[in-house]
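A.B. asks: upload-v6.txt is reproduced below (compact mmCIF, C-alpha atoms (C1' of nucleotides)).
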# COMPACT_ATOMS: atom_id res chain seq x y z
CA MET A 1 124.78 -18.93 553.53
CA MET A 2 128.32 -18.28 554.69
CA GLU A 3 128.92 -14.80 556.08
CA ARG A 4 131.88 -13.04 554.55
CA THR A 5 134.36 -11.26 556.79
CA ALA A 6 135.26 -7.71 555.76
CA ILE A 7 138.04 -7.62 553.21
CA ASP A 8 140.05 -4.52 552.42
CA LEU A 9 140.22 -2.92 548.99
CA GLU A 10 143.85 -3.83 548.49
CA SER A 11 143.20 -7.53 549.01
CA VAL A 12 140.25 -7.38 546.65
CA ALA A 13 142.37 -5.64 544.01
CA ASN A 14 144.98 -8.37 544.39
CA VAL A 15 142.42 -11.12 543.96
CA PHE A 16 141.00 -9.36 540.90
CA LYS A 17 144.46 -8.99 539.42
CA LEU A 18 144.98 -12.69 539.95
CA LEU A 19 141.64 -13.62 538.41
CA GLY A 20 141.93 -10.96 535.74
CA ASP A 21 143.62 -13.53 533.56
CA LYS A 22 141.37 -15.78 531.53
CA THR A 23 143.46 -18.88 532.17
CA ARG A 24 143.57 -18.43 535.94
CA LEU A 25 139.93 -17.45 536.14
CA THR A 26 138.95 -20.57 534.23
CA MET A 27 141.24 -22.68 536.40
CA ALA A 28 139.59 -21.36 539.52
CA LYS A 29 136.14 -22.03 538.13
CA ILE A 30 137.08 -25.56 537.18
CA LEU A 31 138.50 -26.14 540.65
CA ASP A 32 135.26 -24.86 542.10
CA GLU A 33 133.61 -27.82 540.40
CA ASP A 34 136.24 -30.53 540.84
CA GLU A 35 139.82 -30.92 541.99
CA CYS A 36 142.27 -31.24 539.15
CA CYS A 37 145.88 -32.19 538.54
CA VAL A 38 148.45 -30.28 536.54
CA CYS A 39 148.44 -32.58 533.54
CA GLU A 40 144.70 -32.11 533.15
CA PHE A 41 145.13 -28.37 532.97
CA VAL A 42 147.84 -28.84 530.38
CA GLU A 43 145.32 -30.80 528.29
CA ILE A 44 142.49 -28.36 528.84
CA PHE A 45 144.40 -25.20 528.06
CA GLN A 46 146.71 -26.65 525.43
CA MET A 47 149.49 -24.74 527.09
CA SER A 48 152.99 -25.78 528.14
CA GLN A 49 153.37 -27.51 531.49
CA PRO A 50 155.60 -24.77 532.95
CA ALA A 51 153.05 -22.12 531.97
CA ILE A 52 150.36 -24.07 533.83
CA SER A 53 152.58 -24.57 536.86
CA GLN A 54 153.33 -20.87 537.00
CA HIS A 55 149.67 -19.93 536.93
CA LEU A 56 148.95 -22.44 539.67
CA ARG A 57 151.78 -21.08 541.75
CA LYS A 58 150.34 -17.60 541.64
CA LEU A 59 146.98 -18.92 542.72
CA ARG A 60 148.61 -20.91 545.49
CA ASP A 61 150.88 -18.08 546.69
CA ALA A 62 147.77 -15.94 547.12
CA GLY A 63 146.14 -18.75 549.10
CA VAL A 64 143.35 -19.25 546.59
CA VAL A 65 144.21 -22.87 545.86
CA LYS A 66 146.03 -25.60 547.69
CA GLU A 67 147.91 -28.63 546.45
CA GLU A 68 148.00 -32.22 547.57
CA ARG A 69 150.43 -34.77 546.28
CA ARG A 70 149.11 -38.26 545.55
CA GLY A 71 151.91 -40.37 544.28
CA GLN A 72 153.27 -38.94 541.11
CA TRP A 73 150.50 -36.41 540.75
CA ILE A 74 149.72 -33.17 542.46
CA TYR A 75 146.08 -32.32 542.78
CA TYR A 76 144.92 -28.77 543.13
CA SER A 77 141.72 -27.62 544.75
CA LEU A 78 140.23 -24.44 546.16
CA ASN A 79 141.72 -23.62 549.54
CA GLN A 80 138.71 -23.50 551.80
CA ALA A 81 140.89 -22.57 554.77
CA SER A 82 141.84 -19.25 553.22
CA ASN A 83 140.19 -16.10 554.50
CA LEU A 84 139.71 -15.24 550.83
CA TYR A 85 137.68 -18.37 550.22
CA PRO A 86 134.20 -16.95 550.87
CA PHE A 87 134.94 -14.02 548.59
CA VAL A 88 136.43 -16.16 545.84
CA LYS A 89 133.64 -18.70 546.14
CA GLN A 90 131.06 -15.98 545.77
CA ILE A 91 132.75 -14.70 542.63
CA LEU A 92 133.00 -18.14 541.08
CA GLN A 93 129.35 -18.88 541.70
CA THR A 94 128.38 -16.10 539.33
CA LEU A 95 130.42 -17.56 536.46
CA PRO A 96 129.16 -19.93 533.78
CA ASP A 97 129.73 -23.63 534.38
CA GLN A 98 133.00 -25.05 533.03
CA GLY A 99 132.28 -28.70 533.71
CA ASP A 100 132.32 -29.38 529.99
CA LYS A 101 136.09 -28.89 530.01
CA LEU A 102 136.53 -31.83 532.34
CA ARG A 103 133.97 -33.92 530.51
CA VAL A 104 135.94 -33.47 527.31
CA LEU A 105 138.94 -34.91 529.08
CA ASP A 106 136.90 -37.92 530.20
CA LYS A 107 135.77 -38.58 526.67
CA SER A 108 139.17 -38.15 525.08
CA GLY A 109 140.59 -40.51 527.67
CA ALA A 110 143.15 -37.89 528.66
CA ARG A 111 142.09 -38.12 532.25
CA ILE A 112 142.88 -41.80 532.36
CA THR A 113 146.09 -41.50 530.38
CA CYS A 114 147.74 -38.96 532.62
CA CYS A 115 146.22 -39.35 536.08
CA MET B 116 117.08 -7.23 543.22
CA MET B 117 118.31 -6.79 539.67
CA GLU B 118 118.79 -10.00 537.70
CA ARG B 119 122.17 -10.29 536.07
CA THR B 120 122.40 -11.48 532.48
CA ALA B 121 124.87 -14.26 531.81
CA ILE B 122 128.37 -12.97 531.21
CA ASP B 123 131.15 -14.99 529.62
CA LEU B 124 134.42 -15.79 531.33
CA GLU B 125 136.45 -13.60 529.02
CA SER B 126 134.39 -10.52 529.82
CA VAL B 127 134.64 -11.26 533.51
CA ALA B 128 138.41 -11.64 533.24
CA ASN B 129 138.57 -8.28 531.49
CA VAL B 130 136.55 -6.57 534.18
CA PHE B 131 138.73 -8.16 536.85
CA LYS B 132 141.87 -7.02 535.10
CA LEU B 133 140.43 -3.52 535.01
CA LEU B 134 139.47 -3.58 538.67
CA GLY B 135 142.60 -5.48 539.64
CA ASP B 136 144.29 -2.16 540.20
CA LYS B 137 143.84 -0.53 543.58
CA THR B 138 143.42 2.95 542.13
CA ARG B 139 140.76 1.94 539.62
CA LEU B 140 138.96 -0.27 542.10
CA THR B 141 138.81 2.57 544.60
CA MET B 142 137.66 4.95 541.87
CA ALA B 143 134.83 2.63 540.94
CA LYS B 144 133.78 2.27 544.57
CA ILE B 145 133.80 6.02 545.07
CA LEU B 146 131.73 6.48 541.93
CA ASP B 147 129.30 3.92 543.27
CA GLU B 148 128.68 6.34 546.10
CA ASP B 149 128.84 9.69 544.32
CA GLU B 150 129.79 11.15 540.96
CA CYS B 151 133.18 12.76 540.92
CA CYS B 152 135.29 15.02 538.72
CA VAL B 153 138.87 14.48 537.66
CA CYS B 154 140.39 17.08 539.95
CA GLU B 155 138.82 15.40 542.96
CA PHE B 156 140.48 12.11 542.08
CA VAL B 157 143.77 13.92 541.72
CA GLU B 158 143.33 15.18 545.29
CA ILE B 159 142.20 11.85 546.64
CA PHE B 160 144.93 9.72 545.10
CA GLN B 161 147.73 12.29 545.24
CA MET B 162 148.63 11.23 541.75
CA SER B 163 149.34 13.25 538.62
CA GLN B 164 146.38 14.45 536.58
CA PRO B 165 147.40 12.48 533.47
CA ALA B 166 147.66 9.31 535.53
CA ILE B 167 144.12 9.85 536.78
CA SER B 168 142.82 10.61 533.28
CA GLN B 169 144.39 7.45 531.95
CA HIS B 170 142.79 5.31 534.62
CA LEU B 171 139.45 6.91 533.92
CA ARG B 172 139.87 6.31 530.22
CA LYS B 173 140.37 2.62 530.77
CA LEU B 174 137.26 2.46 532.88
CA ARG B 175 135.35 4.42 530.26
CA ASP B 176 136.65 2.41 527.29
CA ALA B 177 135.35 -0.71 529.00
CA GLY B 178 131.99 0.95 529.51
CA VAL B 179 132.21 0.86 533.29
CA VAL B 180 131.99 4.62 533.74
CA LYS B 181 130.64 7.50 531.70
CA GLU B 182 131.57 11.15 531.60
CA GLU B 183 129.53 14.31 531.46
CA ARG B 184 130.97 17.73 530.88
CA ARG B 185 129.63 20.59 532.96
CA GLY B 186 131.38 23.75 532.00
CA GLN B 187 135.05 23.38 532.70
CA TRP B 188 134.67 20.16 534.57
CA ILE B 189 134.06 16.62 533.52
CA TYR B 190 132.11 14.50 535.94
CA TYR B 191 132.44 10.75 535.96
CA SER B 192 129.86 8.30 537.19
CA LEU B 193 129.05 4.62 536.87
CA ASN B 194 127.56 3.83 533.49
CA GLN B 195 124.23 2.27 534.34
CA ALA B 196 123.48 1.70 530.67
CA SER B 197 126.35 -0.78 530.32
CA ASN B 198 125.56 -4.48 530.20
CA LEU B 199 128.39 -4.82 532.70
CA TYR B 200 126.65 -2.57 535.19
CA PRO B 201 124.77 -5.22 537.19
CA PHE B 202 127.95 -7.27 537.52
CA VAL B 203 130.11 -4.30 538.48
CA LYS B 204 127.47 -3.01 540.86
CA GLN B 205 127.29 -6.37 542.57
CA ILE B 206 131.06 -6.42 543.02
CA LEU B 207 131.19 -2.90 544.41
CA GLN B 208 128.47 -3.64 546.92
CA THR B 209 130.71 -6.13 548.66
CA LEU B 210 133.50 -3.58 549.15
CA PRO B 211 134.04 -1.41 552.22
CA ASP B 212 132.61 2.10 552.06
CA GLN B 213 134.95 4.78 550.67
CA GLY B 214 132.76 7.77 551.45
CA ASP B 215 135.40 9.02 553.87
CA LYS B 216 137.61 9.91 550.91
CA LEU B 217 135.05 12.37 549.63
CA ARG B 218 134.36 13.70 553.12
CA VAL B 219 138.04 14.49 553.53
CA LEU B 220 137.83 16.61 550.39
CA ASP B 221 134.82 18.47 551.78
CA LYS B 222 136.68 19.26 554.97
CA SER B 223 139.89 20.33 553.30
CA GLY B 224 137.88 22.59 551.02
CA ALA B 225 139.41 20.90 547.98
CA ARG B 226 136.00 20.16 546.59
CA ILE B 227 135.09 23.82 546.60
CA THR B 228 138.47 24.98 545.32
CA CYS B 229 138.50 22.86 542.21
CA CYS B 230 134.89 22.14 541.29
C1' DT C 231 169.46 -49.00 540.66
C1' DG C 232 167.99 -46.72 536.42
C1' DA C 233 164.41 -45.22 533.10
C1' DA C 234 160.08 -43.00 532.66
C1' DT C 235 156.70 -39.71 534.19
C1' DA C 236 154.84 -35.54 536.67
C1' DT C 237 155.83 -31.33 538.36
C1' DA C 238 158.57 -27.18 539.74
C1' DT C 239 161.96 -23.81 539.02
C1' DA C 240 165.25 -20.86 536.43
C1' DA C 241 166.52 -17.97 532.77
C1' DG C 242 165.39 -15.30 528.85
C1' DC C 243 162.47 -12.48 526.02
C1' DA C 244 158.45 -9.90 524.03
C1' DT C 245 154.62 -7.43 525.49
C1' DT C 246 151.86 -4.86 528.62
C1' DT C 247 151.21 -1.80 532.37
C1' DC C 248 151.54 2.32 535.00
C1' DA C 249 153.69 6.06 536.12
C1' DT C 250 156.11 10.43 534.53
C1' DT C 251 156.78 14.95 531.80
C1' DA C 252 155.45 17.69 527.89
C1' DT C 253 151.96 19.35 525.07
C1' DA C 254 147.28 19.92 523.01
C1' DT C 255 142.41 20.97 523.56
C1' DA C 256 138.21 22.95 525.65
C1' DC C 257 136.01 26.07 528.39
C1' DT C 258 135.57 30.50 531.39
C1' DA C 259 136.10 35.04 532.50
C1' DA C 260 138.44 39.45 532.34
C1' DT D 261 141.12 38.16 522.42
C1' DT D 262 143.98 36.64 526.00
C1' DA D 263 145.05 34.41 530.47
C1' DG D 264 143.83 30.89 533.49
C1' DT D 265 141.92 26.44 534.64
C1' DA D 266 140.45 21.56 533.69
C1' DT D 267 141.16 17.76 531.10
C1' DA D 268 143.06 14.67 527.40
C1' DT D 269 146.66 12.85 524.70
C1' DA D 270 151.47 11.77 523.33
C1' DA D 271 155.95 10.24 524.24
C1' DT D 272 158.91 7.85 527.21
C1' DG D 273 160.89 4.64 530.59
C1' DA D 274 160.90 1.29 534.50
C1' DA D 275 158.69 -2.60 536.23
C1' DA D 276 155.56 -6.41 535.87
C1' DT D 277 153.52 -10.14 533.21
C1' DG D 278 153.17 -14.36 530.66
C1' DC D 279 154.99 -17.11 527.72
C1' DT D 280 159.08 -20.00 526.02
C1' DT D 281 163.09 -23.51 526.56
C1' DA D 282 166.22 -25.80 529.60
C1' DT D 283 166.93 -28.02 533.76
C1' DA D 284 166.07 -29.80 538.55
C1' DT D 285 163.35 -32.56 541.72
C1' DA D 286 160.08 -36.34 543.18
C1' DT D 287 157.94 -40.41 542.52
C1' DT D 288 156.99 -44.98 540.38
C1' DC D 289 158.10 -49.22 538.47
C1' DA D 290 160.81 -52.74 536.12
Written as structure tokens, that's how I'd like the structure from this file.

C.D. replies:
Amino acid sequence: MMERTAIDLESVANVFKLLGDKTRLTMAKILDEDECCVCEFVEIFQMSQPAISQHLRKLRDAGVVKEERRGQWIYYSLNQASNLYPFVKQILQTLPDQGDKLRVLDKSGARITCC
Amino acid sequence: MMERTAIDLESVANVFKLLGDKTRLTMAKILDEDECCVCEFVEIFQMSQPAISQHLRKLRDAGVVKEERRGQWIYYSLNQASNLYPFVKQILQTLPDQGDKLRVLDKSGARITCC
DNA sequence: TGAATATATAAGCATTTCATTATATACTAA
DNA sequence: TTAGTATATAATGAAATGCTTATATATTCA
């Protein structure tokens, strides 16, 4: 079990504000289960690509997620190097599994189509 | 250790939005340590009384806190009857102690002056 | 090189949020 | 009953949020 370093109230409030949005919270939970590229999120949330990018940017600016380009695609994943990671990870563990969202993509072929 | 009933992502996002404000998060943490009346929060946060009341109302509307009138004063405390309580309690336990805020009131005499 | 695809950024707009000030309500005590 | 105190609610305004559309940037591939 990873020990969590003390984290001040202000940082916690900021993380909560960030995850206090259903889309971003779901994104984080999905990323806790599997890395994911932008186009997959667009499929999952049925939301415009800029809207998705903007949510991801907020998560990234806070250090919660990181990005990695692979060719044309940019894959997002939880940023384990962040000092917030243990805290975020602990939160996500308490949330219901969202793996079904990715499985739907597999079935629909969306995952193959886009990336 | 209390077992936590499953809680859907939307509810979690709502709680996070609520606690994603430094004032409300601190309020909740203080209430986790001791019940508190409105005038004490006004002292602690150096914020107008209506602002404090409005924060408390949000917390109450969500079921996170409850109120109890005692004469002129209204005391707030965590609402243990809420189905959110185990989740909220678990969150608050990970936060740094805020007991000093109440102790400052004791010293300054504010706690005696107002309630 | 040029077209297609994936993503990011900018600009604009409606809505929400969080504070303020002003006022209403509830209780206490003289 | 009236004055004083504690709290809630209403009205308002500035700032933040989350989407949209339009456009810029990177990469791939023919």

A.B. asks: May I ask for the distance between atom CA of B:Trp188 and atom CA of B:Cys152, given in Å to one decimal place?

C.D. replies: 6.6 Å

A.B. asks: Using all atoms listed in the file, which residues of chain B come within 10 Å of chain A, and what is the closest atom pair for each, with the distance in Å to one decimal? Give it as a tab-separated table, sorted by chain and residue number.

C.D. replies:
residue	atom	partner	partner_atom	distance
B:Arg119	CA	A:Thr94	CA	9.1
B:Ala121	CA	A:Pro96	CA	7.4
B:Ile122	CA	A:Leu95	CA	7.3
B:Asp123	CA	A:Pro96	CA	6.8
B:Leu124	CA	A:Leu95	CA	6.7
B:Glu125	CA	A:Lys22	CA	5.9
B:Ser126	CA	A:Lys22	CA	8.9
B:Val127	CA	A:Gly20	CA	7.6
B:Ala128	CA	A:Gly20	CA	4.4
B:Asn129	CA	A:Gly20	CA	6.0
B:Val130	CA	A:Gly20	CA	7.1
B:Phe131	CA	A:Gly20	CA	4.4
B:Lys132	CA	A:Gly20	CA	4.0
B:Leu133	CA	A:Gly20	CA	7.6
B:Leu134	CA	A:Phe16	CA	6.4
B:Gly135	CA	A:Lys17	CA	4.0
B:Asp136	CA	A:Ala13	CA	5.5
B:Lys137	CA	A:Ala13	CA	5.3
B:Thr138	CA	A:Ala13	CA	8.9
B:Arg139	CA	A:Ala13	CA	8.9
B:Leu140	CA	A:Ala13	CA	6.6
B:Thr141	CA	A:Leu9	CA	7.2
B:Lys144	CA	A:Leu9	CA	9.4
B:Phe202	CA	A:Thr94	CA	9.0
B:Gln205	CA	A:Ile91	CA	10.0
B:Ile206	CA	A:Ile91	CA	8.5
B:Thr209	CA	A:Ala6	CA	8.6
B:Leu210	CA	A:Leu9	CA	6.8
B:Pro211	CA	A:Asp8	CA	6.8
B:Asp212	CA	A:Leu9	CA	9.6
B:Gln213	CA	A:Leu9	CA	9.5

A.B. asks: Find the residues around C:DA236 up to 12 Å (only C-alpha atoms (C1' of nucleotides) counted), leave out those fewer than 2 positions away in its own chain, and share them as a count of residues only.

C.D. replies: 23

A.B. asks: List the neighbours of D:DC279 out to 12 Å using only C-alpha atoms (C1' of nucleotides); skip same-chain residues closer than 5 positions along the sequence, and give me the result as a list in words.

C.D. replies: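 Contacts, with the query itself left out: Met47, Ser48, Gln49, Pro50, Ala51, Ile52, Gln54 and His55 of chain A; DG242, DC243, DA244 and DT245 of chain C.
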
A.B. asks: Would you write out chain A as an mmCIF file with C-alpha atoms, keeping the file's coordinate frame, after superposing it on chain B by least squares over all in-order Cα pairs?

C.D. replies:
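The resulting file, part23.cif, is reproduced below:
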data_model
loop_
_atom_site.group_PDB
_atom_site.id
_atom_site.type_symbol
_atom_site.label_atom_id
_atom_site.label_comp_id
_atom_site.auth_asym_id
_atom_site.auth_seq_id
_atom_site.Cartn_x
_atom_site.Cartn_y
_atom_site.Cartn_z
ATOM 1 C CA MET A 1 116.949 -7.161 543.091
ATOM 2 C CA MET A 2 118.210 -6.706 539.555
ATOM 3 C CA GLU A 3 118.677 -9.931 537.610
ATOM 4 C CA ARG A 4 122.065 -10.255 535.992
ATOM 5 C CA THR A 5 122.315 -11.394 532.389
ATOM 6 C CA ALA A 6 124.821 -14.174 531.709
ATOM 7 C CA ILE A 7 128.313 -12.853 531.162
ATOM 8 C CA ASP A 8 131.082 -14.869 529.567
ATOM 9 C CA LEU A 9 134.352 -15.711 531.286
ATOM 10 C CA GLU A 10 136.392 -13.511 528.994
ATOM 11 C CA SER A 11 134.360 -10.419 529.827
ATOM 12 C CA VAL A 12 134.614 -11.204 533.517
ATOM 13 C CA ALA A 13 138.387 -11.620 533.233
ATOM 14 C CA ASN A 14 138.570 -8.249 531.497
ATOM 15 C CA VAL A 15 136.556 -6.547 534.207
ATOM 16 C CA PHE A 16 138.734 -8.158 536.879
ATOM 17 C CA LYS A 17 141.874 -7.034 535.097
ATOM 18 C CA LEU A 18 140.471 -3.531 535.033
ATOM 19 C CA LEU A 19 139.512 -3.595 538.703
ATOM 20 C CA GLY A 20 142.632 -5.498 539.667
ATOM 21 C CA ASP A 21 144.328 -2.173 540.196
ATOM 22 C CA LYS A 22 143.880 -0.555 543.577
ATOM 23 C CA THR A 23 143.453 2.930 542.140
ATOM 24 C CA ARG A 24 140.785 1.926 539.630
ATOM 25 C CA LEU A 25 138.993 -0.292 542.104
ATOM 26 C CA THR A 26 138.842 2.554 544.597
ATOM 27 C CA MET A 27 137.696 4.943 541.879
ATOM 28 C CA ALA A 28 134.870 2.626 540.959
ATOM 29 C CA LYS A 29 133.827 2.260 544.573
ATOM 30 C CA ILE A 30 133.842 6.000 545.079
ATOM 31 C CA LEU A 31 131.759 6.457 541.942
ATOM 32 C CA ASP A 32 129.333 3.895 543.279
ATOM 33 C CA GLU A 33 128.712 6.323 546.124
ATOM 34 C CA ASP A 34 128.866 9.672 544.331
ATOM 35 C CA GLU A 35 129.797 11.101 540.957
ATOM 36 C CA CYS A 36 133.190 12.731 540.915
ATOM 37 C CA CYS A 37 135.289 14.979 538.714
ATOM 38 C CA VAL A 38 138.876 14.459 537.658
ATOM 39 C CA CYS A 39 140.369 17.073 539.944
ATOM 40 C CA GLU A 40 138.798 15.388 542.953
ATOM 41 C CA PHE A 41 140.464 12.125 542.068
ATOM 42 C CA VAL A 42 143.754 13.943 541.699
ATOM 43 C CA GLU A 43 143.305 15.209 545.270
ATOM 44 C CA ILE A 44 142.191 11.873 546.648
ATOM 45 C CA PHE A 45 144.919 9.766 545.113
ATOM 46 C CA GLN A 46 147.684 12.353 545.249
ATOM 47 C CA MET A 47 148.586 11.297 541.755
ATOM 48 C CA SER A 48 149.325 13.312 538.621
ATOM 49 C CA GLN A 49 146.370 14.482 536.556
ATOM 50 C CA PRO A 50 147.414 12.501 533.458
ATOM 51 C CA ALA A 51 147.695 9.325 535.537
ATOM 52 C CA ILE A 52 144.136 9.864 536.778
ATOM 53 C CA SER A 53 142.852 10.601 533.290
ATOM 54 C CA GLN A 54 144.433 7.435 531.969
ATOM 55 C CA HIS A 55 142.823 5.291 534.634
ATOM 56 C CA LEU A 56 139.467 6.893 533.926
ATOM 57 C CA ARG A 57 139.885 6.291 530.232
ATOM 58 C CA LYS A 58 140.391 2.597 530.775
ATOM 59 C CA LEU A 59 137.282 2.450 532.900
ATOM 60 C CA ARG A 60 135.361 4.395 530.290
ATOM 61 C CA ASP A 61 136.656 2.389 527.307
ATOM 62 C CA ALA A 62 135.378 -0.749 529.026
ATOM 63 C CA GLY A 63 132.005 0.935 529.539
ATOM 64 C CA VAL A 64 132.236 0.830 533.316
ATOM 65 C CA VAL A 65 132.009 4.589 533.763
ATOM 66 C CA LYS A 66 130.653 7.439 531.726
ATOM 67 C CA GLU A 67 131.574 11.099 531.607
ATOM 68 C CA GLU A 68 129.524 14.250 531.484
ATOM 69 C CA ARG A 69 130.948 17.669 530.891
ATOM 70 C CA ARG A 70 129.581 20.540 532.976
ATOM 71 C CA GLY A 71 131.344 23.681 532.010
ATOM 72 C CA GLN A 72 135.002 23.371 532.691
ATOM 73 C CA TRP A 73 134.648 20.125 534.573
ATOM 74 C CA ILE A 74 134.038 16.582 533.523
ATOM 75 C CA TYR A 75 132.110 14.464 535.946
ATOM 76 C CA TYR A 76 132.440 10.727 535.977
ATOM 77 C CA SER A 77 129.861 8.271 537.201
ATOM 78 C CA LEU A 78 129.073 4.583 536.890
ATOM 79 C CA ASN A 79 127.581 3.790 533.504
ATOM 80 C CA GLN A 80 124.259 2.242 534.370
ATOM 81 C CA ALA A 81 123.494 1.659 530.694
ATOM 82 C CA SER A 82 126.345 -0.806 530.341
ATOM 83 C CA ASN A 83 125.559 -4.501 530.238
ATOM 84 C CA LEU A 84 128.403 -4.851 532.734
ATOM 85 C CA TYR A 85 126.683 -2.582 535.220
ATOM 86 C CA PRO A 86 124.787 -5.224 537.214
ATOM 87 C CA PHE A 87 127.947 -7.282 537.544
ATOM 88 C CA VAL A 88 130.119 -4.328 538.503
ATOM 89 C CA LYS A 89 127.494 -3.022 540.897
ATOM 90 C CA GLN A 90 127.317 -6.374 542.607
ATOM 91 C CA ILE A 91 131.080 -6.435 543.044
ATOM 92 C CA LEU A 92 131.211 -2.920 544.434
ATOM 93 C CA GLN A 93 128.497 -3.628 546.962
ATOM 94 C CA THR A 94 130.745 -6.135 548.678
ATOM 95 C CA LEU A 95 133.543 -3.594 549.171
ATOM 96 C CA PRO A 96 134.088 -1.409 552.223
ATOM 97 C CA ASP A 97 132.658 2.100 552.078
ATOM 98 C CA GLN A 98 134.976 4.784 550.680
ATOM 99 C CA GLY A 99 132.801 7.779 551.459
ATOM 100 C CA ASP A 100 135.433 9.039 553.865
ATOM 101 C CA LYS A 101 137.636 9.912 550.892
ATOM 102 C CA LEU A 102 135.075 12.387 549.633
ATOM 103 C CA ARG A 103 134.360 13.715 553.096
ATOM 104 C CA VAL A 104 138.034 14.527 553.506
ATOM 105 C CA LEU A 105 137.812 16.615 550.376
ATOM 106 C CA ASP A 106 134.805 18.482 551.772
ATOM 107 C CA LYS A 107 136.662 19.280 554.948
ATOM 108 C CA SER A 108 139.875 20.346 553.270
ATOM 109 C CA GLY A 109 137.849 22.589 550.998
ATOM 110 C CA ALA A 110 139.389 20.913 547.962
ATOM 111 C CA ARG A 111 135.988 20.153 546.577
ATOM 112 C CA ILE A 112 135.059 23.802 546.565
ATOM 113 C CA THR A 113 138.422 24.986 545.298
ATOM 114 C CA CYS A 114 138.484 22.855 542.192
ATOM 115 C CA CYS A 115 134.877 22.103 541.267
#

A.B. asks: Hey, can you check how far atom CA of A:Leu105 sits from atom CA of A:Glu43?

C.D. replies: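 A separation of 7.6 Å between them.
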
A.B. asks: Sort by chain and increasing residue number a table of all residues of chain C within 9 Å of chain B, each with its closest pair of atoms and their distance in Å to one decimal, counting all atoms listed in the file, and write it as a tab-separated table.

C.D. replies:
residue	atom	partner	partner_atom	distance
C:DC248	C1'	B:Ala166	CA	8.0
C:DA249	C1'	B:Ala166	CA	6.9
C:DT250	C1'	B:Ser163	CA	8.4
C:DA256	C1'	B:Gln187	CA	7.7
C:DC257	C1'	B:Gln187	CA	5.2
C:DT258	C1'	B:Gln187	CA	7.3

A.B. asks: When you draw a straight line from atom CA of B:Leu199 to atom CA of A:Val88, how long is it in Å?

C.D. replies: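 So the answer is 19.1 Å.
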
A.B. asks: Please, which residues of chain D lie no more than 9 Å from chain B when the count uses only C-alpha atoms (C1' of nucleotides), and can they be set out as a PyMOL selection string?

C.D. replies: chain D and resi 265-269

A.B. asks: Give me the residues within 12 Å of A:Tyr85 as a PDB file with C-alpha atoms, keeping the file's coordinate frame, counting all atoms listed in the file and dropping any in the same chain fewer than 6 places off.

C.D. replies:
ATOM      1  CA  MET A   2     128.320 -18.280 554.690  1.00  0.00           C
ATOM      2  CA  GLU A   3     128.920 -14.800 556.080  1.00  0.00           C
ATOM      3  CA  ARG A   4     131.880 -13.040 554.550  1.00  0.00           C
ATOM      4  CA  THR A   5     134.360 -11.260 556.790  1.00  0.00           C
ATOM      5  CA  ILE A   7     138.040  -7.620 553.210  1.00  0.00           C
ATOM      6  CA  VAL A  12     140.250  -7.380 546.650  1.00  0.00           C
ATOM      7  CA  VAL A  15     142.420 -11.120 543.960  1.00  0.00           C
ATOM      8  CA  ALA A  28     139.590 -21.360 539.520  1.00  0.00           C
ATOM      9  CA  ASP A  32     135.260 -24.860 542.100  1.00  0.00           C
ATOM     10  CA  LEU A  59     146.980 -18.920 542.720  1.00  0.00           C
ATOM     11  CA  ALA A  62     147.770 -15.940 547.120  1.00  0.00           C
ATOM     12  CA  GLY A  63     146.140 -18.750 549.100  1.00  0.00           C
ATOM     13  CA  VAL A  64     143.350 -19.250 546.590  1.00  0.00           C
ATOM     14  CA  VAL A  65     144.210 -22.870 545.860  1.00  0.00           C
ATOM     15  CA  LYS A  66     146.030 -25.600 547.690  1.00  0.00           C
ATOM     16  CA  SER A  77     141.720 -27.620 544.750  1.00  0.00           C
ATOM     17  CA  LEU A  78     140.230 -24.440 546.160  1.00  0.00           C
ATOM     18  CA  ASN A  79     141.720 -23.620 549.540  1.00  0.00           C
ATOM     19  CA  ILE A  91     132.750 -14.700 542.630  1.00  0.00           C
ATOM     20  CA  LEU A  92     133.000 -18.140 541.080  1.00  0.00           C
ATOM     21  CA  GLN A  93     129.350 -18.880 541.700  1.00  0.00           C
TER      22      GLN A  93
END
